Amino acid sequence: SAAEKGGHEYFMLKEIEEQPEALANTLRGHFEAGRIILDEQRISDQDLRDVDKVFVVACGSAYHSGLVAKYAIEHWCRLPVEVELASEFRYRDPVLDRDTLVVAVSQSGETADTLEAVRHAREQKARVLAVCNTNGAQIPRESDAVLYTHAGPEIGVASTKAFLAQIAANYLVGLALAQARGTKYPDEVAREFAELEAMPAAVQKVLSTVEQTREIARRISDSRAVLFLGRHVGFPVALEGALKLKELAYMHAEGFAAGELKHGPIALIEEGLPVVVVMPSPKGRAVLHSKLVSNISEIQARGARTIVIAEEGDETVRPFADELIEVPAVPTLLQPLVSTVPLQVLAAEIASSRGYDIDKPRNLAKSVTVE
Ligand code: G6P
């Protein structure tokens, strides 16, 4: 009923609006007496300290949350991090031992490939930490440590609030490792946690752009394809934006690392093709920012219709943006939490303009429990 959907036509729109709450609930209780704490830990602090390599394994949107985690964990912990699709990881011969931490990210905690990846890792003595949204699901049950996301039940098949909560939980995993390894001082961990705690309000601010984004979506809803460009943490955001559009609007959509533009994607640019660009902060990542500005000017000169997600007050990008959606300034590593939101709205509204059921997209299941 409409009441269940919070007055919305679709659960997904309600779930997009619930994201500030999902983030706040996921962070709550995980920083006590100056320390990051996990929900369950069946391995010792020493085991965490001894970790010398991290794999993040997951499927779908959860995999994209893992790609974001790589930037944070490498930066905070100085640990090598590989992010793997669970279905690839388990049939390769990944090099694991007891000092390897495998982080299994799964909203449902029941995804078949992710569960098998966990089993494969444990057989080789690796430690497994689950990031999961479902209490007592199979993946957390079979893991050595657990951090629950508290996004609440997610009805929409395309993940929104669970995805943002996964990103936040992955950051907590990174901080827990930095704390165990001593690569960050306690006051630095406290400061990073405080930055995270400011994110629900930042996401709430992004929600004020929903109507503007829906209008943009309606203007491009009859396009044949949409490209997404980003770099650094904006790259996984671009991948997630493209996945949402495929899932919901059944359109050809691809996310690219902006630095690869000249190695192929630029050949796809044609008159009127919408290209969504996720900009880094002009202050936080000035070098990357200027590279992206030049990418945008190149694609615009070739006729692309540029839809730019940029930090508030970013004036340099304005002349190159046919459409500009502004998000609040946040620390670079945390930017995916704000820049993903307009891409969710864009996909949902394009799909609904095309007349599709955005809560139950064709051929897709909420949780894929068979391979
Ligand atoms: C399905 C869902 C996606 C989800 C993926 C992984 O494809 O439609 O939204 O990201 O499974 O699910 P999990 O429950 O493991 O996070």
# chains A, B, ... in the order shown; residues from 1 in each chain; ligands from 1
call {"tool": "select_by_dssp", "arguments": {"residues": "segment 29-216 of chain A", "states": "helix (DSSP H, G or I)", "output": "count of residues only"}}
result
94
call {"tool": "residues_near_ligand", "arguments": {"ligand": "ligand 1", "cutoff": "8 Å", "atoms": "only C-alpha atoms and all ligand atoms", "output": "PyMOL selection string"}}
result
chain A and resi 58-63+105-111+114+132+157-160+162-163+364-368
call {"tool": "write_last_selection", "arguments": {"atoms": "C-alpha atoms", "output": "short mmCIF file (atom, residue, chain, number, x, y, z; two decimals), in the first residue's frame"}}
result
data_model
loop_
_atom_site.label_atom_id
_atom_site.label_comp_id
_atom_site.auth_asym_id
_atom_site.auth_seq_id
_atom_site.Cartn_x
_atom_site.Cartn_y
_atom_site.Cartn_z
CA ALA A 58 30.93 -9.82 -2.93
CA CYS A 59 28.43 -9.67 -5.80
CA GLY A 60 26.48 -6.86 -7.43
CA SER A 61 26.22 -3.59 -5.54
CA ALA A 62 27.99 -5.12 -2.54
CA TYR A 63 31.00 -5.64 -4.83
CA VAL A 105 29.93 -8.17 2.01
CA SER A 106 26.32 -9.25 1.54
CA GLN A 107 23.03 -7.52 2.26
CA SER A 108 21.10 -10.80 2.45
CA GLY A 109 23.90 -12.90 3.88
CA GLU A 110 22.62 -15.73 1.70
CA THR A 111 24.10 -15.04 -1.76
CA THR A 114 29.56 -15.13 -1.60
CA CYS A 132 25.76 -8.19 6.47
CA VAL A 157 15.38 -5.32 -5.69
CA ALA A 158 17.95 -2.70 -6.70
CA SER A 159 19.98 -1.95 -3.58
CA THR A 160 20.03 1.63 -2.26
CA ALA A 162 21.80 -1.31 2.04
CA PHE A 163 24.54 -0.21 -0.37
CA LEU A 364 16.14 -10.01 -11.22
CA ALA A 365 15.85 -11.41 -7.71
CA LYS A 366 16.52 -9.66 -4.44
CA SER A 367 18.79 -12.40 -3.33
CA VAL A 368 20.52 -14.89 -5.60
#
call {"tool": "atom_distance", "arguments": {"atom1": "atom CA of Phe256 of chain A", "atom2": "atom CA of Ala225 of chain A"}}
result
13.6 Å
call {"tool": "residues_around", "arguments": {"residues": "Leu337 of chain A", "least_positions_apart": "6", "cutoff": "9 Å", "atoms": "only C-alpha atoms", "output": "CSV table (one decimal) with N, CA and C atoms, in the first residue's frame"}}
result
chain,number,residue,atom,x,y,z
A,164,LEU,N,24.6,2.0,0.7
A,164,LEU,CA,25.2,3.0,1.5
A,164,LEU,C,25.7,2.5,2.8
A,165,ALA,N,24.8,1.7,3.5
A,165,ALA,CA,25.2,1.2,4.8
A,165,ALA,C,26.4,0.2,4.7
A,167,ILE,N,28.9,0.6,2.5
A,167,ILE,CA,30.0,1.5,2.4
A,167,ILE,C,30.5,1.9,3.8
A,168,ALA,N,29.5,2.4,4.6
A,168,ALA,CA,29.8,2.9,5.9
A,168,ALA,C,30.4,1.8,6.8
A,199,MET,N,27.9,12.2,8.2
A,199,MET,CA,27.4,11.8,6.8
A,199,MET,C,25.9,11.7,6.7
A,200,PRO,N,25.2,11.2,7.8
A,200,PRO,CA,23.7,11.2,7.6
A,200,PRO,C,23.2,12.6,7.3
A,202,ALA,N,24.8,15.0,5.7
A,202,ALA,CA,25.2,15.3,4.4
A,202,ALA,C,24.3,14.7,3.3
A,203,VAL,N,24.0,13.4,3.6
A,203,VAL,CA,23.1,12.7,2.7
A,203,VAL,C,21.7,13.3,2.7
call {"tool": "select_by_dssp", "arguments": {"residues": "segment 14-121 of chain A", "states": "strand (DSSP E or B)", "output": "compact mmCIF listing (two decimals) with C-alpha atoms, in the first residue's frame"}}
result
# COMPACT_ATOMS: atom_id res chain seq x y z
CA PHE A 31 32.65 3.51 18.59
CA GLU A 32 32.68 3.07 22.35
CA ARG A 35 37.51 2.21 20.13
CA ILE A 36 35.85 0.86 17.00
CA GLU A 40 30.85 -10.25 16.79
CA GLN A 41 34.49 -11.19 17.02
CA LYS A 53 46.43 -8.89 3.15
CA VAL A 54 42.74 -8.19 2.61
CA PHE A 55 40.33 -9.56 0.03
CA VAL A 56 36.86 -8.13 -0.25
CA VAL A 57 34.49 -10.61 -1.91
CA ALA A 58 30.93 -9.82 -2.93
CA VAL A 81 43.51 -4.96 -0.67
CA GLU A 82 42.01 -6.92 -3.54
CA VAL A 83 38.34 -6.69 -4.38
CA GLU A 84 36.89 -9.74 -6.05
CA LEU A 85 33.61 -10.84 -7.49
CA THR A 100 44.62 -13.05 5.16
CA LEU A 101 41.38 -11.30 6.03
CA VAL A 102 38.50 -11.97 3.67
CA VAL A 103 35.73 -9.42 4.04
CA ALA A 104 32.50 -10.89 2.71
CA VAL A 105 29.93 -8.17 2.01
CA SER A 106 26.32 -9.25 1.54
call {"tool": "residues_around", "arguments": {"residues": "Leu333 of chain A", "least_positions_apart": "6", "cutoff": "12 Å", "atoms": "only C-alpha atoms", "output": "VMD selection string"}}
result
chain A and resid 67 to 76 167 to 168 170 to 171 174 192 195 to 196 199 231 to 237 280 to 281 284 to 285 339
call {"tool": "write_last_selection", "arguments": {"atoms": "N, CA and C atoms", "output": "PDB file, in the first residue's frame"}}
result
ATOM      1  N   LEU A  67      34.801  -2.077  -3.705  1.00  0.00           N
ATOM      2  CA  LEU A  67      35.752  -1.264  -4.477  1.00  0.00           C
ATOM      3  C   LEU A  67      36.015   0.058  -3.765  1.00  0.00           C
ATOM      4  N   VAL A  68      34.975   0.630  -3.170  1.00  0.00           N
ATOM      5  CA  VAL A  68      35.157   1.872  -2.398  1.00  0.00           C
ATOM      6  C   VAL A  68      36.073   1.596  -1.195  1.00  0.00           C
ATOM      7  N   ALA A  69      35.838   0.444  -0.547  1.00  0.00           N
ATOM      8  CA  ALA A  69      36.607   0.107   0.663  1.00  0.00           C
ATOM      9  C   ALA A  69      38.106   0.030   0.393  1.00  0.00           C
ATOM     10  N   LYS A  70      38.447  -0.436  -0.786  1.00  0.00           N
ATOM     11  CA  LYS A  70      39.874  -0.576  -1.130  1.00  0.00           C
ATOM     12  C   LYS A  70      40.628   0.743  -0.937  1.00  0.00           C
ATOM     13  N   TYR A  71      40.031   1.833  -1.412  1.00  0.00           N
ATOM     14  CA  TYR A  71      40.711   3.142  -1.292  1.00  0.00           C
ATOM     15  C   TYR A  71      40.940   3.487   0.179  1.00  0.00           C
ATOM     16  N   ALA A  72      39.937   3.223   0.999  1.00  0.00           N
ATOM     17  CA  ALA A  72      40.035   3.611   2.413  1.00  0.00           C
ATOM     18  C   ALA A  72      40.989   2.693   3.176  1.00  0.00           C
ATOM     19  N   ILE A  73      40.869   1.379   2.960  1.00  0.00           N
ATOM     20  CA  ILE A  73      41.689   0.440   3.745  1.00  0.00           C
ATOM     21  C   ILE A  73      43.167   0.578   3.369  1.00  0.00           C
ATOM     22  N   GLU A  74      43.451   0.720   2.081  1.00  0.00           N
ATOM     23  CA  GLU A  74      44.861   0.900   1.700  1.00  0.00           C
ATOM     24  C   GLU A  74      45.423   2.166   2.326  1.00  0.00           C
ATOM     25  N   HIS A  75      44.619   3.220   2.299  1.00  0.00           N
ATOM     26  CA  HIS A  75      45.086   4.516   2.794  1.00  0.00           C
ATOM     27  C   HIS A  75      45.257   4.511   4.316  1.00  0.00           C
ATOM     28  N   TRP A  76      44.276   3.953   5.001  1.00  0.00           N
ATOM     29  CA  TRP A  76      44.305   4.000   6.467  1.00  0.00           C
ATOM     30  C   TRP A  76      45.212   2.932   7.076  1.00  0.00           C
ATOM     31  N   ILE A 167      28.868   0.596   2.492  1.00  0.00           N
ATOM     32  CA  ILE A 167      30.044   1.472   2.379  1.00  0.00           C
ATOM     33  C   ILE A 167      30.471   1.940   3.767  1.00  0.00           C
ATOM     34  N   ALA A 168      29.497   2.370   4.574  1.00  0.00           N
ATOM     35  CA  ALA A 168      29.814   2.870   5.918  1.00  0.00           C
ATOM     36  C   ALA A 168      30.421   1.756   6.776  1.00  0.00           C
ATOM     37  N   ASN A 170      32.013  -0.884   5.741  1.00  0.00           N
ATOM     38  CA  ASN A 170      33.364  -1.183   5.248  1.00  0.00           C
ATOM     39  C   ASN A 170      34.376  -0.168   5.785  1.00  0.00           C
ATOM     40  N   TYR A 171      33.968   1.084   5.896  1.00  0.00           N
ATOM     41  CA  TYR A 171      34.866   2.090   6.488  1.00  0.00           C
ATOM     42  C   TYR A 171      35.169   1.714   7.938  1.00  0.00           C
ATOM     43  N   GLY A 174      37.756  -0.853   8.005  1.00  0.00           N
ATOM     44  CA  GLY A 174      39.061  -0.221   7.762  1.00  0.00           C
ATOM     45  C   GLY A 174      39.603   0.442   9.017  1.00  0.00           C
ATOM     46  N   GLU A 192      38.195  10.257  12.355  1.00  0.00           N
ATOM     47  CA  GLU A 192      37.560   9.641  11.174  1.00  0.00           C
ATOM     48  C   GLU A 192      36.124   9.226  11.499  1.00  0.00           C
ATOM     49  N   GLU A 195      33.903  12.142  11.383  1.00  0.00           N
ATOM     50  CA  GLU A 195      33.589  12.517   9.981  1.00  0.00           C
ATOM     51  C   GLU A 195      32.443  11.634   9.460  1.00  0.00           C
ATOM     52  N   LEU A 196      32.521  10.352   9.793  1.00  0.00           N
ATOM     53  CA  LEU A 196      31.450   9.435   9.371  1.00  0.00           C
ATOM     54  C   LEU A 196      30.117   9.833   9.990  1.00  0.00           C
ATOM     55  N   MET A 199      27.937  12.182   8.172  1.00  0.00           N
ATOM     56  CA  MET A 199      27.437  11.820   6.848  1.00  0.00           C
ATOM     57  C   MET A 199      25.912  11.713   6.733  1.00  0.00           C
ATOM     58  N   ARG A 231      36.565   8.897 -11.233  1.00  0.00           N
ATOM     59  CA  ARG A 231      37.866   8.314 -10.920  1.00  0.00           C
ATOM     60  C   ARG A 231      38.111   8.361  -9.437  1.00  0.00           C
ATOM     61  N   HIS A 232      39.165   7.628  -9.003  1.00  0.00           N
ATOM     62  CA  HIS A 232      39.397   7.457  -7.566  1.00  0.00           C
ATOM     63  C   HIS A 232      38.098   6.875  -6.977  1.00  0.00           C
ATOM     64  N   VAL A 233      37.632   7.312  -5.826  1.00  0.00           N
ATOM     65  CA  VAL A 233      36.407   6.706  -5.273  1.00  0.00           C
ATOM     66  C   VAL A 233      35.171   6.979  -6.137  1.00  0.00           C
ATOM     67  N   GLY A 234      35.276   7.917  -7.055  1.00  0.00           N
ATOM     68  CA  GLY A 234      34.158   8.188  -7.967  1.00  0.00           C
ATOM     69  C   GLY A 234      34.005   7.111  -9.035  1.00  0.00           C
ATOM     70  N   PHE A 235      35.046   6.283  -9.221  1.00  0.00           N
ATOM     71  CA  PHE A 235      34.971   5.210 -10.222  1.00  0.00           C
ATOM     72  C   PHE A 235      33.956   4.139  -9.807  1.00  0.00           C
ATOM     73  N   PRO A 236      34.079   3.571  -8.588  1.00  0.00           N
ATOM     74  CA  PRO A 236      33.011   2.630  -8.194  1.00  0.00           C
ATOM     75  C   PRO A 236      31.619   3.258  -8.167  1.00  0.00           C
ATOM     76  N   VAL A 237      31.538   4.537  -7.887  1.00  0.00           N
ATOM     77  CA  VAL A 237      30.228   5.212  -7.918  1.00  0.00           C
ATOM     78  C   VAL A 237      29.679   5.179  -9.347  1.00  0.00           C
ATOM     79  N   PRO A 280      35.440  14.746  -8.482  1.00  0.00           N
ATOM     80  CA  PRO A 280      36.070  14.810  -7.154  1.00  0.00           C
ATOM     81  C   PRO A 280      36.012  16.240  -6.628  1.00  0.00           C
ATOM     82  N   SER A 281      36.343  16.403  -5.367  1.00  0.00           N
ATOM     83  CA  SER A 281      36.334  17.740  -4.787  1.00  0.00           C
ATOM     84  C   SER A 281      37.450  18.599  -5.390  1.00  0.00           C
ATOM     85  N   GLY A 284      39.824  18.915  -2.269  1.00  0.00           N
ATOM     86  CA  GLY A 284      40.379  17.658  -1.769  1.00  0.00           C
ATOM     87  C   GLY A 284      41.299  16.960  -2.765  1.00  0.00           C
ATOM     88  N   ARG A 285      40.953  16.969  -4.029  1.00  0.00           N
ATOM     89  CA  ARG A 285      41.727  16.258  -5.057  1.00  0.00           C
ATOM     90  C   ARG A 285      41.874  17.159  -6.279  1.00  0.00           C
ATOM     91  N   SER A 339      27.644  11.090  -3.429  1.00  0.00           N
ATOM     92  CA  SER A 339      27.510  11.166  -4.893  1.00  0.00           C
ATOM     93  C   SER A 339      26.712  10.007  -5.487  1.00  0.00           C
TER      94      SER A 339
END
call {"tool": "residues_around", "arguments": {"residues": "Ala180 of chain A", "least_positions_apart": "2", "cutoff": "12 Å", "atoms": "only C-alpha atoms", "output": "list in words"}}
result
Arg35, Ile36, Ile37, Ser44, Asp45, Gln46, Asp47, Leu48, Arg49, Asp50, Val51, Asp52, Trp76, Cys77, Val173, Gly174, Leu175, Ala176, Leu177, Ala178, Gly182, Thr183, Lys184, Tyr185, Pro186 and Val189 of chain A
call {"tool": "write_last_selection", "arguments": {"atoms": "N, CA and C atoms", "output": "PDB file, in the first residue's frame"}}
result
ATOM      1  N   ARG A  35      37.116   3.313  21.025  1.00  0.00           N
ATOM      2  CA  ARG A  35      37.507   2.211  20.126  1.00  0.00           C
ATOM      3  C   ARG A  35      36.385   1.810  19.177  1.00  0.00           C
ATOM      4  N   ILE A  36      36.799   1.444  17.962  1.00  0.00           N
ATOM      5  CA  ILE A  36      35.851   0.863  17.003  1.00  0.00           C
ATOM      6  C   ILE A  36      35.558  -0.562  17.468  1.00  0.00           C
ATOM      7  N   ILE A  37      34.296  -0.916  17.534  1.00  0.00           N
ATOM      8  CA  ILE A  37      33.993  -2.300  17.894  1.00  0.00           C
ATOM      9  C   ILE A  37      33.099  -2.976  16.849  1.00  0.00           C
ATOM     10  N   SER A  44      41.037 -13.222  17.846  1.00  0.00           N
ATOM     11  CA  SER A  44      41.641 -12.307  18.824  1.00  0.00           C
ATOM     12  C   SER A  44      42.049 -10.989  18.156  1.00  0.00           C
ATOM     13  N   ASP A  45      42.292  -9.970  18.986  1.00  0.00           N
ATOM     14  CA  ASP A  45      42.810  -8.701  18.473  1.00  0.00           C
ATOM     15  C   ASP A  45      44.165  -8.922  17.796  1.00  0.00           C
ATOM     16  N   GLN A  46      44.924  -9.879  18.376  1.00  0.00           N
ATOM     17  CA  GLN A  46      46.224 -10.218  17.780  1.00  0.00           C
ATOM     18  C   GLN A  46      46.043 -10.737  16.345  1.00  0.00           C
ATOM     19  N   ASP A  47      45.017 -11.558  16.143  1.00  0.00           N
ATOM     20  CA  ASP A  47      44.747 -12.064  14.789  1.00  0.00           C
ATOM     21  C   ASP A  47      44.478 -10.903  13.818  1.00  0.00           C
ATOM     22  N   LEU A  48      43.745  -9.925  14.307  1.00  0.00           N
ATOM     23  CA  LEU A  48      43.458  -8.757  13.451  1.00  0.00           C
ATOM     24  C   LEU A  48      44.740  -7.983  13.167  1.00  0.00           C
ATOM     25  N   ARG A  49      45.584  -7.867  14.212  1.00  0.00           N
ATOM     26  CA  ARG A  49      46.852  -7.137  14.051  1.00  0.00           C
ATOM     27  C   ARG A  49      47.748  -7.836  13.035  1.00  0.00           C
ATOM     28  N   ASP A  50      47.665  -9.169  12.979  1.00  0.00           N
ATOM     29  CA  ASP A  50      48.553  -9.935  12.102  1.00  0.00           C
ATOM     30  C   ASP A  50      48.111  -9.949  10.636  1.00  0.00           C
ATOM     31  N   VAL A  51      46.952  -9.418  10.364  1.00  0.00           N
ATOM     32  CA  VAL A  51      46.463  -9.435   8.974  1.00  0.00           C
ATOM     33  C   VAL A  51      47.468  -8.726   8.077  1.00  0.00           C
ATOM     34  N   ASP A  52      47.870  -9.418   6.992  1.00  0.00           N
ATOM     35  CA  ASP A  52      48.827  -8.764   6.084  1.00  0.00           C
ATOM     36  C   ASP A  52      48.271  -8.599   4.674  1.00  0.00           C
ATOM     37  N   TRP A  76      44.276   3.953   5.001  1.00  0.00           N
ATOM     38  CA  TRP A  76      44.305   4.000   6.467  1.00  0.00           C
ATOM     39  C   TRP A  76      45.212   2.932   7.076  1.00  0.00           C
ATOM     40  N   CYS A  77      45.267   1.768   6.450  1.00  0.00           N
ATOM     41  CA  CYS A  77      45.923   0.610   7.092  1.00  0.00           C
ATOM     42  C   CYS A  77      47.237   0.218   6.438  1.00  0.00           C
ATOM     43  N   VAL A 173      35.260  -1.272   9.156  1.00  0.00           N
ATOM     44  CA  VAL A 173      36.218  -2.380   9.097  1.00  0.00           C
ATOM     45  C   VAL A 173      37.630  -1.811   8.900  1.00  0.00           C
ATOM     46  N   GLY A 174      37.756  -0.853   8.005  1.00  0.00           N
ATOM     47  CA  GLY A 174      39.061  -0.221   7.762  1.00  0.00           C
ATOM     48  C   GLY A 174      39.603   0.442   9.017  1.00  0.00           C
ATOM     49  N   LEU A 175      38.733   1.124   9.740  1.00  0.00           N
ATOM     50  CA  LEU A 175      39.188   1.798  10.966  1.00  0.00           C
ATOM     51  C   LEU A 175      39.537   0.775  12.046  1.00  0.00           C
ATOM     52  N   ALA A 176      38.770  -0.320  12.112  1.00  0.00           N
ATOM     53  CA  ALA A 176      39.076  -1.376  13.099  1.00  0.00           C
ATOM     54  C   ALA A 176      40.454  -1.969  12.812  1.00  0.00           C
ATOM     55  N   LEU A 177      40.764  -2.152  11.538  1.00  0.00           N
ATOM     56  CA  LEU A 177      42.079  -2.693  11.171  1.00  0.00           C
ATOM     57  C   LEU A 177      43.188  -1.691  11.459  1.00  0.00           C
ATOM     58  N   ALA A 178      42.929  -0.423  11.168  1.00  0.00           N
ATOM     59  CA  ALA A 178      43.941   0.622  11.412  1.00  0.00           C
ATOM     60  C   ALA A 178      44.235   0.711  12.907  1.00  0.00           C
ATOM     61  N   GLY A 182      47.703  -0.217  14.483  1.00  0.00           N
ATOM     62  CA  GLY A 182      48.398   0.980  14.939  1.00  0.00           C
ATOM     63  C   GLY A 182      48.828   1.895  13.806  1.00  0.00           C
ATOM     64  N   THR A 183      48.219   1.753  12.630  1.00  0.00           N
ATOM     65  CA  THR A 183      48.555   2.665  11.523  1.00  0.00           C
ATOM     66  C   THR A 183      47.835   3.999  11.675  1.00  0.00           C
ATOM     67  N   LYS A 184      46.917   4.059  12.632  1.00  0.00           N
ATOM     68  CA  LYS A 184      46.288   5.330  12.992  1.00  0.00           C
ATOM     69  C   LYS A 184      46.289   5.441  14.499  1.00  0.00           C
ATOM     70  N   TYR A 185      46.584   6.631  14.995  1.00  0.00           N
ATOM     71  CA  TYR A 185      46.522   6.872  16.429  1.00  0.00           C
ATOM     72  C   TYR A 185      45.053   6.907  16.862  1.00  0.00           C
ATOM     73  N   PRO A 186      44.800   6.604  18.152  1.00  0.00           N
ATOM     74  CA  PRO A 186      43.406   6.611  18.613  1.00  0.00           C
ATOM     75  C   PRO A 186      42.675   7.921  18.311  1.00  0.00           C
ATOM     76  N   VAL A 189      41.575   7.858  14.716  1.00  0.00           N
ATOM     77  CA  VAL A 189      40.416   6.984  14.516  1.00  0.00           C
ATOM     78  C   VAL A 189      39.153   7.716  14.973  1.00  0.00           C
TER      79      VAL A 189
END
